[in-house]
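Reading through the structure tokens given below for one structure.
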Amino acid sequence: MISWWKGAALALVAAAGLAAPRTARATDIELFFPVPVDGALARNMTGLIKAFNDSHPDIKATPVFTGSYDDTLLKTRAAIKAGKPPAAVIMSANFLTDLAIEREIAPMDDLIEKGGKDQAGTTPDAFMGRFFPALLPNAVIDRKVYGVPFHNSTPLLYINADHFKEAGLDPAKPPRTWAELTDAARKLTKREGDRTTRWGLMMPSNYDYGGWILEALTMSNGGRYYNEEYGGEVYYDTPTMLGALTFWSDLVHKAKVHPAGEQKGPAVTGAFLAGQASMMIISTGSLTFIRDTAKFPFRVAFVPMNVRQAVPIGGASLVQPTGLSDEKRAAGWTLIQWLTSPETSGWWSRATGYFAPNKAAYDLPEMKAFLEKNPDAKIAVDQLANAKPWFATYRTVPVRKAIEDELQAVLSAKRQPKEALVAAQKAADALMRPYVEDTALRLPGAE
């Protein structure tokens, strides 16, 4: 019996036309692909690339699995430096600003206007208009298209419906506010003496994930994590982030409904699936894995708010590094167009749990049928109305790590929230100083 993903991949080939014999001189290209969250993403991507190759005999694409988002950034930069850049990279959307500043990725406006084998040429504005507006600030930089959204996410609240009923809570009415979240977490937490046997809530605080979740809390507290229009400013030492960090700290140290110390994403998911955590806030990219693995009924909901409903975008866009030959650049662009088409985008969404960035994917009959059967998959799409850009600055990784180091220190009771934010702001400002001096502080007449 053919597996479901192979069958779906074959359907994509059929939609693009029958597989043709490979030409004698196919263009060999690589696609760098991160595997950052739960799910059989590598297996799914292998099937997807086979479908692409079968329907494009003049191109031979090879997926290269590059680990985490941060690992993918490092490996892409190493490949560029070695003179062997991949033709396309599925790159964390919050790295594009830094890569564009450093001229390590190329804008794709000329390719969009020219078109290609699978799509006619159009204007960059019309092309990007196919995608949800909330995704564009992390893809269009200085009015040039540096990324095409591929798989995207928002954080979601996941709840164990059985635990809710057991605690006298209604799983059809998940917490909507921080106050309701804290109250529910208290009722759901179980202890035996000094030992906690079930946590009311867990959120990942490891590098990359922790900054994203803290950004979600800061946004839902009315704040801005960084200057979306300029890559040299972050807003760590602010009332809105102080409230967000203090709220997370209080869940750990005062309410004692969330474990102390660093919590890695897979451990959070594992605790939820094992019944050791009743709620978690984690990516939509984990949705299919949770749906396929959970032995209990669960629900998903918007991230609870304090001041407003708001969450950051997550996930990745397809980019092209600088230094490609014209032939490989054209072949990579053909792959990017195919991967971000409504049909492929919709298939990938159904396979993984990420939402489809291409709006037209939701007009397809197979997507409508899927959402009718799996209404939880629609929550992330609905939450897009409240979505904001993902943290993206000059030197994104170390600037983000400056706040994540302090987040972990606070959750481990080594720092108080206010002193942590002061330290994080100072460290981030120092990291961004060269860019700031070369831009915002580069004044006319200055020597």
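If you're wondering about the labels, chains in the structure tokens are A, B, ... by order shown, residues count from 1 in each chain, ligands from 1 in order shown.
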Legend entry - Those of stretch 166-282 of chain A in DSSP strand (DSSP E or B), formatted as a PyMOL selection string: chain A and resi 177+190-192+195-199+202+226+234+277+279-282
Inset, instruction - Extract, using only C-alpha atoms, all DNA, RNA and protein residues at most 8 Å from A:Met432, discarding same-chain residues fewer than 4 positions from it, and format them as a ChimeraX atom specification. - result: /A:232-233,394-395,399,428,436
Inset, instruction - Apply DSSP to the structure's backbone, then extract all residues of stretch 297-394 of chain A labelled helix (DSSP H, G or I) and return them as a count of residues only. - result: 49
Legend entry - Who sits within 9 Å of A:Thr189, only C-alpha atoms, same chain under 6 positions skipped, as a list of chain:residue names: A:Thr196, A:Thr197, A:Arg198, A:Trp199, A:Gly200, A:Leu201, A:Lys256, A:Val257, A:His258, A:Ala277, A:Ser278
Generate the output file for the selected residues, N, CA and C atoms, as a tab-separated table (two decimals), in the first residue's frame.
```
chain	number	residue	atom	x	y	z
A	196	THR	N	5.73	18.16	41.86
A	196	THR	CA	4.68	18.47	40.90
A	196	THR	C	4.56	17.32	39.91
A	197	THR	N	3.38	16.72	39.82
A	197	THR	CA	3.16	15.58	38.93
A	197	THR	C	2.52	16.01	37.60
A	198	ARG	N	1.93	17.20	37.61
A	198	ARG	CA	1.36	17.72	36.36
A	198	ARG	C	1.40	19.24	36.39
A	199	TRP	N	2.00	19.82	35.37
A	199	TRP	CA	2.08	21.27	35.27
A	199	TRP	C	0.85	21.81	34.56
A	200	GLY	N	0.38	22.94	35.03
A	200	GLY	CA	-0.77	23.56	34.39
A	200	GLY	C	-0.43	24.12	33.02
A	201	LEU	N	0.82	24.62	32.86
A	201	LEU	CA	1.23	25.27	31.61
A	201	LEU	C	2.72	25.09	31.41
A	256	LYS	N	3.68	28.90	40.62
A	256	LYS	CA	4.28	27.56	40.57
A	256	LYS	C	3.44	26.59	39.72
A	257	VAL	N	3.02	27.10	38.56
A	257	VAL	CA	2.23	26.28	37.64
A	257	VAL	C	3.02	25.95	36.37
A	258	HIS	N	4.26	26.42	36.31
A	258	HIS	CA	5.14	26.25	35.15
A	258	HIS	C	6.51	25.87	35.68
A	277	ALA	N	1.68	17.91	31.30
A	277	ALA	CA	1.35	19.33	31.19
A	277	ALA	C	-0.02	19.43	30.55
A	278	SER	N	-0.87	20.26	31.14
A	278	SER	CA	-2.25	20.35	30.66
A	278	SER	C	-2.42	21.38	29.55
```
Inset, instruction - Find the residues near A:Gln337: any atom within 12 Å, counting only C-alpha atoms, skip ones fewer than 2 places away on the same chain, and give them as a PyMOL selection string. - result: chain A and resi 52+88+108+111-112+115-121+127-128+130+147-150+317-319+330-335+339-345+358
Inset, instruction - Determine the nearest neighbour of A:Phe272 from the options A:Pro204, A:Pro321, A:Gly211, A:Pro304, counting only C-alpha atoms. - result: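 When distances to A:Phe272 are compared using only C-alpha atoms, the smallest one comes from A:Pro204.
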Inset, instruction - Would you list the contacts of A:Ala409 as a ChimeraX atom specification, taking every protein, DNA or RNA residue within 9 Å and counting only C-alpha atoms, but skipping same-chain residues closer than 5 positions in sequence? - result: /A:261-262,404,414-416,420
Inset, instruction - Name the closest residue to A:Lys359 among the candidates A:Leu411, A:Leu135, A:Leu251, A:Ala427; distances are taken between atoms, counting only C-alpha atoms. - result: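 Nearest to A:Lys359: A:Leu135.
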Inset, instruction - Measuring atom to atom with only C-alpha atoms, identify which of A:Trp347, A:Phe302, A:Tyr207, A:Tyr354 is nearest to A:Lys368. - result: A:Trp347
